[in-house]
file target_24.txt (compact mmCIF, C-alpha atoms)
# COMPACT_ATOMS: atom_id res chain seq x y z
CA MET A 13 53.34 22.87 0.64
CA ALA A 14 56.38 24.63 1.82
CA GLY A 15 58.10 27.20 -0.22
CA TYR A 16 58.30 30.95 -0.36
CA MET A 17 56.60 32.32 2.75
CA GLY A 18 57.26 35.99 2.32
CA PHE A 19 60.67 36.66 3.93
CA GLY A 20 62.48 33.48 3.09
CA MET A 21 62.23 29.79 3.73
CA GLN A 22 62.07 28.40 7.19
CA SER A 23 65.21 26.64 8.25
CA TRP A 24 63.62 23.28 8.98
CA ILE A 25 62.62 22.91 5.34
CA TYR A 26 66.09 23.05 3.85
CA LYS A 27 67.75 21.24 6.78
CA ARG A 28 65.59 18.15 6.30
CA LYS A 29 67.21 14.92 5.23
CA LEU A 30 65.66 12.92 2.44
CA ARG A 31 63.66 9.95 3.61
CA LYS A 32 63.68 6.46 2.27
CA PRO A 33 60.59 5.45 0.36
CA PHE A 34 57.86 3.83 2.51
CA SER A 35 59.70 4.69 5.72
CA LYS A 36 58.24 6.27 8.81
CA ARG A 37 58.42 10.04 8.80
CA GLY A 38 59.60 12.18 11.63
CA LYS A 39 57.52 14.89 13.21
CA VAL A 40 57.50 18.31 11.65
CA PRO A 41 58.39 20.99 14.20
CA THR A 42 55.81 23.67 14.84
CA HIS A 43 56.24 27.18 16.12
CA SER A 44 53.35 27.28 18.52
CA LEU A 45 52.64 24.59 21.06
CA LEU A 46 49.08 23.46 21.55
CA PRO A 47 47.79 23.75 25.08
CA LEU A 48 47.35 20.48 26.90
CA TYR A 49 43.70 19.61 27.44
CA SER A 50 42.71 18.84 30.97
CA ARG A 51 39.19 18.23 32.10
CA VAL A 52 37.86 17.78 35.59
CA PHE A 53 34.84 15.54 36.07
CA LYS A 54 32.44 16.08 38.93
CA LEU A 55 28.98 14.77 39.68
CA GLN A 56 26.21 17.29 39.16
CA ARG A 57 22.47 17.21 38.93
CA SER A 58 21.10 17.54 35.42
CA VAL A 59 19.31 20.85 35.12
CA LYS A 60 16.74 21.11 32.36
CA LYS A 61 16.06 24.60 31.15
CA ASN A 62 12.70 25.60 29.75
CA LYS A 63 10.69 22.71 31.18
CA LYS A 64 7.43 24.47 30.40
CA GLN A 65 8.42 25.00 26.77
CA ASN A 66 9.38 21.34 26.41
CA ALA A 67 6.10 20.19 27.95
CA VAL A 68 4.00 22.49 25.74
CA LEU A 69 5.93 21.45 22.64
CA THR A 70 5.52 17.76 23.49
CA LEU A 71 1.77 18.15 24.03
CA LEU A 72 1.46 20.13 20.81
CA ILE A 73 3.23 17.38 18.86
CA ILE A 74 1.09 14.66 20.45
CA PHE A 75 -2.17 16.49 19.72
CA SER A 76 -1.17 17.23 16.15
CA LEU A 77 -0.30 13.55 15.59
CA LEU A 78 -3.65 12.50 17.09
CA ILE A 79 -5.58 14.90 14.86
CA LEU A 80 -3.62 13.76 11.83
CA GLY A 81 -4.32 10.11 12.74
CA VAL A 82 -8.05 10.72 13.17
CA LEU A 83 -8.27 12.53 9.83
CA THR A 84 -6.32 9.76 8.09
CA PHE A 85 -8.51 7.01 9.54
CA SER A 86 -11.72 8.87 8.67
CA ASN A 87 -10.51 9.19 5.07
CA ILE A 88 -9.64 5.49 5.01
CA PHE A 89 -13.10 4.51 6.28
CA LYS A 90 -14.78 6.84 3.78
CA TYR A 91 -12.74 5.28 0.95
CA GLU A 92 -13.65 1.75 2.09
CA LYS A 93 -17.35 2.65 2.11
CA GLN A 94 -17.15 4.15 -1.39
CA HIS A 95 -15.20 1.12 -2.63
CA LYS A 96 -17.79 -1.32 -1.23
CA GLU A 97 -20.59 0.63 -2.91
CA PHE A 98 -18.70 0.66 -6.20
CA VAL A 99 -18.01 -3.08 -5.99
CA SER A 100 -21.67 -3.85 -5.26
CA GLU A 101 -22.78 -1.65 -8.18
CA MET A 102 -20.34 -3.37 -10.52
CA LYS A 103 -21.52 -6.76 -9.26
CA ASP A 104 -25.13 -5.82 -9.98
CA ILE A 105 -24.20 -4.61 -13.48
CA LYS A 106 -22.23 -7.80 -14.23
CA ASN A 107 -25.09 -9.97 -12.93
CA GLN A 108 -27.55 -8.11 -15.14
CA GLU A 109 -25.27 -8.55 -18.19
CA ALA A 110 -24.87 -12.26 -17.42
CA PHE A 111 -28.63 -12.65 -16.98
CA ILE A 112 -29.36 -11.03 -20.35
CA PHE A 113 -26.68 -13.16 -22.03
CA LEU A 114 -28.03 -16.40 -20.52
CA LEU A 115 -31.60 -15.50 -21.43
CA ASN A 116 -30.67 -14.76 -25.06
CA SER A 117 -28.47 -17.85 -25.28
CA GLY A 118 -31.27 -20.02 -23.89
CA LYS A 119 -33.71 -18.62 -26.42
CA GLU A 120 -31.28 -19.33 -29.28
CA ARG A 121 -30.84 -22.92 -28.08
CA LEU A 122 -34.60 -23.24 -27.81
CA ASN A 123 -34.98 -22.09 -31.42
CA ALA A 124 -32.33 -24.66 -32.42
CA ASN A 125 -34.37 -27.41 -30.65
CA ASN A 126 -31.60 -27.99 -28.09
CA PHE A 127 -33.95 -28.29 -25.12
CA SER A 128 -31.47 -29.62 -22.54
CA GLY A 129 -28.97 -26.83 -23.37
CA ALA A 130 -31.72 -24.22 -23.18
CA TYR A 131 -32.86 -25.71 -19.85
CA SER A 132 -29.34 -25.37 -18.37
CA GLU A 133 -29.09 -21.75 -19.61
CA PHE A 134 -32.47 -20.86 -18.08
CA VAL A 135 -31.55 -22.53 -14.78
CA LEU A 136 -28.41 -20.36 -14.59
CA ALA A 137 -30.45 -17.28 -15.47
CA TYR A 138 -32.97 -18.27 -12.77
CA THR A 139 -30.21 -18.47 -10.15
CA ILE A 140 -29.16 -14.90 -11.01
CA ASN A 141 -32.69 -13.44 -11.10
CA SER A 142 -35.45 -15.64 -9.76
CA GLN A 143 -38.02 -12.80 -9.90
CA ASN A 144 -38.17 -12.64 -13.70
CA GLU A 145 -41.49 -14.03 -14.93
CA GLU A 146 -40.24 -14.80 -18.43
CA VAL A 147 -37.49 -17.10 -17.14
CA VAL A 148 -39.93 -18.90 -14.81
CA ARG A 149 -42.42 -19.40 -17.67
CA LEU A 150 -39.71 -20.68 -20.07
CA LEU A 151 -38.36 -23.07 -17.42
CA GLU A 152 -41.82 -24.53 -16.84
CA GLU A 153 -42.43 -25.00 -20.58
CA ILE A 154 -39.06 -26.62 -21.23
CA SER A 155 -39.29 -28.86 -18.17
CA SER A 156 -42.71 -30.08 -19.35
CA VAL A 157 -41.24 -30.87 -22.79
CA LEU A 158 -38.17 -32.61 -21.30
CA CYS A 159 -40.26 -34.47 -18.72
CA LYS A 160 -41.68 -36.65 -21.50
CA THR A 161 -38.22 -38.01 -22.37
CA ASP A 162 -36.41 -37.87 -19.01
CA LYS A 163 -38.00 -38.10 -15.55
CA LYS A 164 -35.31 -35.96 -13.83
CA TYR A 165 -36.80 -32.81 -15.43
CA CYS A 166 -40.29 -33.53 -14.10
CA ASN A 167 -39.65 -32.16 -10.59
CA THR A 168 -39.42 -28.38 -11.14
CA SER A 169 -40.08 -27.59 -7.46
CA GLU A 170 -36.31 -27.92 -6.81
CA LEU A 171 -35.76 -24.47 -8.28
call {"tool": "encode", "arguments": {"input": "target_24.txt", "output": "structure tokens"}}
result
Amino acid sequence: MAGYMGFGMQSWIYKRKLRKPFSKRGKVPTHSLLPLYSRVFKLQRSVKKNKKQNAVLTLLIIFSLLILGVLTFSNIFKYEKQHKEFVSEMKDIKNQEAFIFLLNSGKERLNANNFSGAYSEFVLAYTINSQNEEVVRLLEEISSVLCKTDKKYCNTSEL
């Protein structure tokens, strides 16, 4: 980076000897000497400036984090409540769909004279909705028909 500096080249540039490749270089002379750094260590008490500002800022940060935490947890609890309600509604809908499917399937098996298959379908429908009068009536009729051939269907009080 040396070269024309305005009023001519500095003498150290053209007086330099060529160096061997990969050899250690000598120091480049400078015009101004850097001052030597001297530091004196002594024990002192640590003085904190603006203690009131630091305390107020710390309290402000703590309160804002607490408020943010409370709001976050309230939103989480609200979401959990909504999710539980949604899951229970979906469960009720799926149970109703399954009940209708089992009832229709049992009726089709009954029309096909498959009494034991219809009985198993109506038992499953009864476990989903035991308040339905049609299922109770069909179970009693089929169990009376099946009781003539097999004694295990005679005891309908197990349901």
call {"tool": "closest_residue", "arguments": {"input": "target_24.txt", "among": "A:Ser50, A:Ile154, A:Asn141, A:Asp162", "to": "Asn123 of chain A", "atoms": "only C-alpha atoms"}}
result
A:Ile154
call {"tool": "atom_distance", "arguments": {"input": "target_24.txt", "atom1": "atom CA of Leu151 of chain A", "atom2": "atom CA of Leu115 of chain A"}}
result
10.9 Å
call {"tool": "residues_around", "arguments": {"input": "target_24.txt", "residues": "segment 157-159 of chain A", "least_positions_apart": "5", "cutoff": "9 Å", "atoms": "all atoms listed in the file", "output": "PDB file with C-alpha atoms, in the coordinates of the input"}}
result
ATOM      1  CA  PHE A 127     -33.950 -28.290 -25.120  1.00  0.00           C
ATOM      2  CA  SER A 128     -31.470 -29.620 -22.540  1.00  0.00           C
ATOM      3  CA  TYR A 131     -32.860 -25.710 -19.850  1.00  0.00           C
ATOM      4  CA  GLU A 152     -41.820 -24.530 -16.840  1.00  0.00           C
ATOM      5  CA  LYS A 164     -35.310 -35.960 -13.830  1.00  0.00           C
ATOM      6  CA  TYR A 165     -36.800 -32.810 -15.430  1.00  0.00           C
ATOM      7  CA  CYS A 166     -40.290 -33.530 -14.100  1.00  0.00           C
ATOM      8  CA  ASN A 167     -39.650 -32.160 -10.590  1.00  0.00           C
TER       9      ASN A 167
END
call {"tool": "atom_distance", "arguments": {"input": "target_24.txt", "atom1": "atom CA of Val135 of chain A", "atom2": "atom CA of Thr161 of chain A"}}
result
18.5 Å
call {"tool": "atom_distance", "arguments": {"input": "target_24.txt", "atom1": "atom CA of Lys61 of chain A", "atom2": "atom CA of Ile79 of chain A"}}
result
28.8 Å
call {"tool": "residues_around", "arguments": {"input": "target_24.txt", "residues": "Ala110 of chain A", "least_positions_apart": "6", "cutoff": "12 Å", "atoms": "all atoms listed in the file", "output": "MDAnalysis selection string"}}
result
chainID A and resid 103:104 116:118 133:134 136:141
call {"tool": "write_last_selection", "arguments": {"input": "target_24.txt", "atoms": "C-alpha atoms", "output": "PDB file, in the frame of the given file"}}
result
ATOM      1  CA  LYS A 103     -21.520  -6.760  -9.260  1.00  0.00           C
ATOM      2  CA  ASP A 104     -25.130  -5.820  -9.980  1.00  0.00           C
ATOM      3  CA  ASN A 116     -30.670 -14.760 -25.060  1.00  0.00           C
ATOM      4  CA  SER A 117     -28.470 -17.850 -25.280  1.00  0.00           C
ATOM      5  CA  GLY A 118     -31.270 -20.020 -23.890  1.00  0.00           C
ATOM      6  CA  GLU A 133     -29.090 -21.750 -19.610  1.00  0.00           C
ATOM      7  CA  PHE A 134     -32.470 -20.860 -18.080  1.00  0.00           C
ATOM      8  CA  LEU A 136     -28.410 -20.360 -14.590  1.00  0.00           C
ATOM      9  CA  ALA A 137     -30.450 -17.280 -15.470  1.00  0.00           C
ATOM     10  CA  TYR A 138     -32.970 -18.270 -12.770  1.00  0.00           C
ATOM     11  CA  THR A 139     -30.210 -18.470 -10.150  1.00  0.00           C
ATOM     12  CA  ILE A 140     -29.160 -14.900 -11.010  1.00  0.00           C
ATOM     13  CA  ASN A 141     -32.690 -13.440 -11.100  1.00  0.00           C
TER      14      ASN A 141
END
